[in-house]
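**Student:** Structure in structure tokens, see below.
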Amino acid sequence: MTLPSSLGILGGSFNPVHRDHILMALKARDKLKLDRVLFVVNASPDYKNTVGVSYQDRRAMLELAIKDYPFFEISDLEKDASVHHYTYDTLSALRSQYGPSERMFFIMGTDSLLYLDEWKRGLELTSLSNLVVVGRRGHLQRELKPVIKSFLDENGIDEGRSDFEKALADPKGHCFMLKNSLHLVSSRAIREEIGITPNGPLASEYLTDEVREYALSHHLYDRRRD
């Protein structure tokens with residue numbers, strides 16, 4: 001089956017970007033047959049503390065992390081720290097830019113799905129794009145609120161379902177559920193560790209050498225910055 005052009009979108013603070021971010025994008029690209037994945041760096045997310053690490057530094061680390069992947073790109077749509085950026089608005093802008101036939105897939109972890117109803121028009125995101133939920137170990141479906149379960153009953157398509165491949169041709173409207181592949185590591189845990197032990201196990205395992213060296217040489221996560 002020949003599929004129309006496609007775009008994956010992965011948003012976040014990337015503070016710092018770690019291997020699970022890259023794994024998430026790679027798995028989505030492989031399973032959903034994406035042409036490219038756009039990383040959207042949020043300058044000032046209202047749901048996370050960036051501990052004083054600038055947009056420019058977080059973007060620079062992301063550039064280092066994806067430099068060997070020609071199908072990964074960075075978007076500056078959310079670079080203005082003076083305004084709140086919402087996924088619904090960003091997807092609206094991308095839909096206007098790429099047109100109605102572009103296959104769009106917004107990628108998230110299960111931890112984000114748990115609170116999708118609390119996002120600005122979160123349950124309406126499928127009117128603009130497909131959603132892709134990459135499973136994280138430890139986040140089980142029984143944790144889902146009734147409103148999220150109802151959303152998945154209407155829009156969800158599990159990996160391996162008979163109509164999964166056919167649904168990939170649609171530019172929007174579905175929530176694709178991919179099997180568990182991610183760990184429970186968080187950027188916060190990495191920040192806290194690297195601020196005390198630069199060569200600790202989390203930083204060594206989940207950061208590329210270049211990202212770790214950038215963070216250390218720029219003193220991004222020194223404890224005094226918290």
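Chain labels A, B, ... are given in the sequence in which chains occur in the structure tokens; within each chain residues are numbered consecutively from 1, and ligands are likewise numbered from 1 in the order shown.
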Would you mind listing, for every residue of segment 6-56 of chain A within 10 Å of segment 72-75 of chain A, the two atoms forming the shortest contact and the distance between them in Å to one decimal, using only C-alpha atoms, sorted by chain and ascending residue number, as JSON lines?

**Tutor:**
```
{"residue": "A:Gly8", "atom": "CA", "partner": "A:Phe72", "partner_atom": "CA", "distance": 9.3}
{"residue": "A:Ile9", "atom": "CA", "partner": "A:Ser75", "partner_atom": "CA", "distance": 9.4}
{"residue": "A:Leu10", "atom": "CA", "partner": "A:Ile74", "partner_atom": "CA", "distance": 9.6}
{"residue": "A:Gly11", "atom": "CA", "partner": "A:Ser75", "partner_atom": "CA", "distance": 9.3}
{"residue": "A:Ile22", "atom": "CA", "partner": "A:Phe72", "partner_atom": "CA", "distance": 9.5}
{"residue": "A:Ala25", "atom": "CA", "partner": "A:Phe72", "partner_atom": "CA", "distance": 8.5}
{"residue": "A:Leu26", "atom": "CA", "partner": "A:Phe72", "partner_atom": "CA", "distance": 9.3}
{"residue": "A:Arg29", "atom": "CA", "partner": "A:Phe72", "partner_atom": "CA", "distance": 9.8}
{"residue": "A:Asp35", "atom": "CA", "partner": "A:Phe72", "partner_atom": "CA", "distance": 9.2}
{"residue": "A:Arg36", "atom": "CA", "partner": "A:Phe72", "partner_atom": "CA", "distance": 5.7}
{"residue": "A:Val37", "atom": "CA", "partner": "A:Phe72", "partner_atom": "CA", "distance": 5.0}
{"residue": "A:Leu38", "atom": "CA", "partner": "A:Glu73", "partner_atom": "CA", "distance": 4.9}
{"residue": "A:Phe39", "atom": "CA", "partner": "A:Ile74", "partner_atom": "CA", "distance": 4.7}
{"residue": "A:Val40", "atom": "CA", "partner": "A:Ser75", "partner_atom": "CA", "distance": 4.9}
{"residue": "A:Val41", "atom": "CA", "partner": "A:Ser75", "partner_atom": "CA", "distance": 6.9}
{"residue": "A:Asn42", "atom": "CA", "partner": "A:Ser75", "partner_atom": "CA", "distance": 9.6}
```

**Student:** Save out the residues we just selected, N, CA, C and O atoms, as a tab-separated table (two decimals), in the first residue's frame.

**Tutor:**
```tsv
chain	number	residue	atom	x	y	z
A	8	GLY	N	5.46	12.89	11.82
A	8	GLY	CA	5.33	12.63	13.25
A	8	GLY	C	5.70	13.89	14.01
A	8	GLY	O	6.56	14.66	13.57
A	9	ILE	N	5.06	14.11	15.15
A	9	ILE	CA	5.32	15.30	15.96
A	9	ILE	C	5.54	14.86	17.40
A	9	ILE	O	4.70	14.17	17.99
A	10	LEU	N	6.68	15.24	17.96
A	10	LEU	CA	6.99	14.92	19.35
A	10	LEU	C	7.35	16.20	20.08
A	10	LEU	O	8.34	16.86	19.75
A	11	GLY	N	6.52	16.60	21.03
A	11	GLY	CA	6.74	17.84	21.75
A	11	GLY	C	7.23	17.60	23.16
A	11	GLY	O	7.09	16.51	23.72
A	22	ILE	N	14.34	9.57	21.92
A	22	ILE	CA	14.76	9.12	20.59
A	22	ILE	C	14.11	7.78	20.25
A	22	ILE	O	13.62	7.57	19.13
A	25	ALA	N	10.51	8.25	19.19
A	25	ALA	CA	10.39	8.74	17.82
A	25	ALA	C	10.73	7.66	16.80
A	25	ALA	O	10.07	7.53	15.76
A	26	LEU	N	11.74	6.86	17.09
A	26	LEU	CA	12.14	5.80	16.16
A	26	LEU	C	11.07	4.72	16.07
A	26	LEU	O	10.78	4.21	14.97
A	29	ARG	N	8.18	6.09	14.05
A	29	ARG	CA	8.54	6.17	12.63
A	29	ARG	C	8.45	4.79	11.97
A	29	ARG	O	7.93	4.66	10.85
A	35	ASP	N	7.54	9.59	7.27
A	35	ASP	CA	8.62	10.13	6.45
A	35	ASP	C	9.62	10.90	7.30
A	35	ASP	O	10.82	10.88	7.04
A	36	ARG	N	9.13	11.61	8.32
A	36	ARG	CA	10.00	12.40	9.19
A	36	ARG	C	9.29	12.62	10.51
A	36	ARG	O	8.07	12.49	10.61
A	37	VAL	N	10.09	12.99	11.51
A	37	VAL	CA	9.55	13.31	12.83
A	37	VAL	C	10.04	14.69	13.22
A	37	VAL	O	11.24	14.99	13.14
A	38	LEU	N	9.11	15.52	13.65
A	38	LEU	CA	9.39	16.90	14.04
A	38	LEU	C	9.40	16.98	15.56
A	38	LEU	O	8.42	16.65	16.22
A	39	PHE	N	10.53	17.43	16.12
A	39	PHE	CA	10.65	17.65	17.56
A	39	PHE	C	10.30	19.10	17.84
A	39	PHE	O	10.97	20.01	17.34
A	40	VAL	N	9.28	19.33	18.65
A	40	VAL	CA	8.83	20.69	18.97
A	40	VAL	C	9.23	21.01	20.41
A	40	VAL	O	8.70	20.43	21.36
A	41	VAL	N	10.19	21.92	20.56
A	41	VAL	CA	10.70	22.27	21.88
A	41	VAL	C	9.84	23.39	22.47
A	41	VAL	O	9.69	24.45	21.86
A	42	ASN	N	9.27	23.14	23.65
A	42	ASN	CA	8.44	24.14	24.31
A	42	ASN	C	9.33	25.06	25.14
A	42	ASN	O	10.04	24.62	26.04
```

**Student:** What lies within 10 Å of Leu3 of chain A using only C-alpha atoms, ignoring chain neighbours under 6 positions off, as a ChimeraX atom specification?

**Tutor:** /A:33-34,102-103,166,168-170

**Student:** I'd like to know which of A:Tyr55, A:Phe14, A:Tyr98, A:Tyr115 is closest to Ser82 of chain A, using only C-alpha atoms.

**Tutor:**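 Once distances to Ser82 of chain A are computed over only C-alpha atoms, the minimum belongs to A:Tyr55.
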
**Student:** Residues near segment 160-164 of chain A, anyone? I mean within 12 Å using only C-alpha atoms, not counting same-chain ones fewer than 5 positions away, as a ChimeraX atom specification.

**Tutor:** /A:31-33,155,169-170,174-179

**Student:** Just the selected residues (all heavy atoms), exported as a short mmCIF file (atom, residue, chain, number, x, y, z; two decimals), in the first residue's frame, please.

**Tutor:**
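What ended up in again37.cif:
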```cif
data_model
loop_
_atom_site.label_atom_id
_atom_site.label_comp_id
_atom_site.auth_asym_id
_atom_site.auth_seq_id
_atom_site.Cartn_x
_atom_site.Cartn_y
_atom_site.Cartn_z
N LYS A 31 6.76 1.93 13.07
CA LYS A 31 5.45 1.30 13.11
C LYS A 31 4.42 2.03 12.25
O LYS A 31 3.50 1.41 11.72
CB LYS A 31 4.95 1.23 14.55
CG LYS A 31 5.78 0.33 15.45
CD LYS A 31 5.69 -1.12 15.04
CE LYS A 31 6.49 -2.02 15.96
NZ LYS A 31 6.40 -3.46 15.55
N LEU A 32 4.57 3.35 12.11
CA LEU A 32 3.56 4.15 11.42
C LEU A 32 4.01 4.59 10.03
O LEU A 32 3.30 5.32 9.36
CB LEU A 32 3.21 5.36 12.26
CG LEU A 32 2.73 5.01 13.68
CD1 LEU A 32 2.69 6.25 14.55
CD2 LEU A 32 1.39 4.33 13.66
N LYS A 33 5.21 4.15 9.65
CA LYS A 33 5.73 4.45 8.31
C LYS A 33 5.80 5.96 8.07
O LYS A 33 5.27 6.48 7.07
CB LYS A 33 4.89 3.74 7.24
CG LYS A 33 4.86 2.21 7.39
CD LYS A 33 3.96 1.56 6.37
CE LYS A 33 4.05 0.04 6.42
NZ LYS A 33 3.70 -0.52 7.73
N ASN A 155 -11.72 5.98 19.62
CA ASN A 155 -10.64 6.35 18.70
C ASN A 155 -9.44 5.41 18.70
O ASN A 155 -8.61 5.48 17.79
CB ASN A 155 -10.12 7.76 19.05
CG ASN A 155 -11.20 8.81 19.00
OD1 ASN A 155 -11.60 9.25 17.94
ND2 ASN A 155 -11.67 9.23 20.18
N ALA A 169 -3.46 5.08 6.67
CA ALA A 169 -3.65 5.94 5.50
C ALA A 169 -4.44 7.21 5.84
O ALA A 169 -4.44 8.16 5.05
CB ALA A 169 -4.37 5.17 4.40
N ASP A 170 -5.08 7.25 7.00
CA ASP A 170 -5.92 8.39 7.35
C ASP A 170 -5.08 9.54 7.91
O ASP A 170 -4.21 9.32 8.75
CB ASP A 170 -6.98 7.98 8.37
CG ASP A 170 -7.95 6.96 7.80
OD1 ASP A 170 -8.18 6.99 6.57
OD2 ASP A 170 -8.47 6.12 8.57
N HIS A 174 -7.44 8.98 14.59
CA HIS A 174 -7.21 7.76 15.36
C HIS A 174 -6.23 8.01 16.51
O HIS A 174 -5.46 8.97 16.50
CB HIS A 174 -6.63 6.66 14.47
CG HIS A 174 -7.45 6.36 13.26
ND1 HIS A 174 -8.72 5.84 13.33
CD2 HIS A 174 -7.17 6.51 11.93
CE1 HIS A 174 -9.20 5.68 12.09
NE2 HIS A 174 -8.27 6.09 11.23
N CYS A 175 -6.26 7.11 17.48
CA CYS A 175 -5.27 7.08 18.54
C CYS A 175 -4.61 5.71 18.51
O CYS A 175 -5.20 4.71 18.94
CB CYS A 175 -5.92 7.34 19.91
SG CYS A 175 -4.75 7.38 21.27
N PHE A 176 -3.42 5.65 17.95
CA PHE A 176 -2.71 4.39 17.78
C PHE A 176 -1.98 4.05 19.08
O PHE A 176 -1.19 4.84 19.59
CB PHE A 176 -1.72 4.48 16.63
CG PHE A 176 -2.37 4.63 15.29
CD1 PHE A 176 -2.58 5.88 14.73
CD2 PHE A 176 -2.77 3.51 14.58
CE1 PHE A 176 -3.18 6.02 13.48
CE2 PHE A 176 -3.37 3.63 13.33
CZ PHE A 176 -3.58 4.88 12.78
N MET A 177 -2.23 2.84 19.60
CA MET A 177 -1.62 2.39 20.84
C MET A 177 -0.51 1.39 20.53
O MET A 177 -0.78 0.28 20.07
CB MET A 177 -2.69 1.74 21.74
CG MET A 177 -3.89 2.64 22.04
SD MET A 177 -3.47 4.05 23.09
CE MET A 177 -3.06 3.21 24.62
N LEU A 178 0.73 1.81 20.75
CA LEU A 178 1.87 0.94 20.50
C LEU A 178 2.26 0.20 21.78
O LEU A 178 2.06 0.70 22.89
CB LEU A 178 3.06 1.76 19.98
CG LEU A 178 2.79 2.58 18.71
CD1 LEU A 178 4.09 3.22 18.20
CD2 LEU A 178 2.14 1.75 17.61
N LYS A 179 2.84 -0.96 21.61
CA LYS A 179 3.17 -1.81 22.76
C LYS A 179 4.26 -1.18 23.63
O LYS A 179 5.04 -0.35 23.17
CB LYS A 179 3.61 -3.19 22.27
CG LYS A 179 2.49 -3.97 21.57
CD LYS A 179 3.00 -5.30 21.05
CE LYS A 179 1.89 -6.06 20.31
NZ LYS A 179 2.39 -7.33 19.73
#
```

**Student:** Near Met61 of chain A, within 12 Å and counting only C-alpha atoms, which residues show up once chain neighbours fewer than 2 positions away are dropped, as an NGL selection string?

**Tutor:** :A and (13-18 or 41 or 53-59 or 63-67 or 74 or 207-218 or 220)
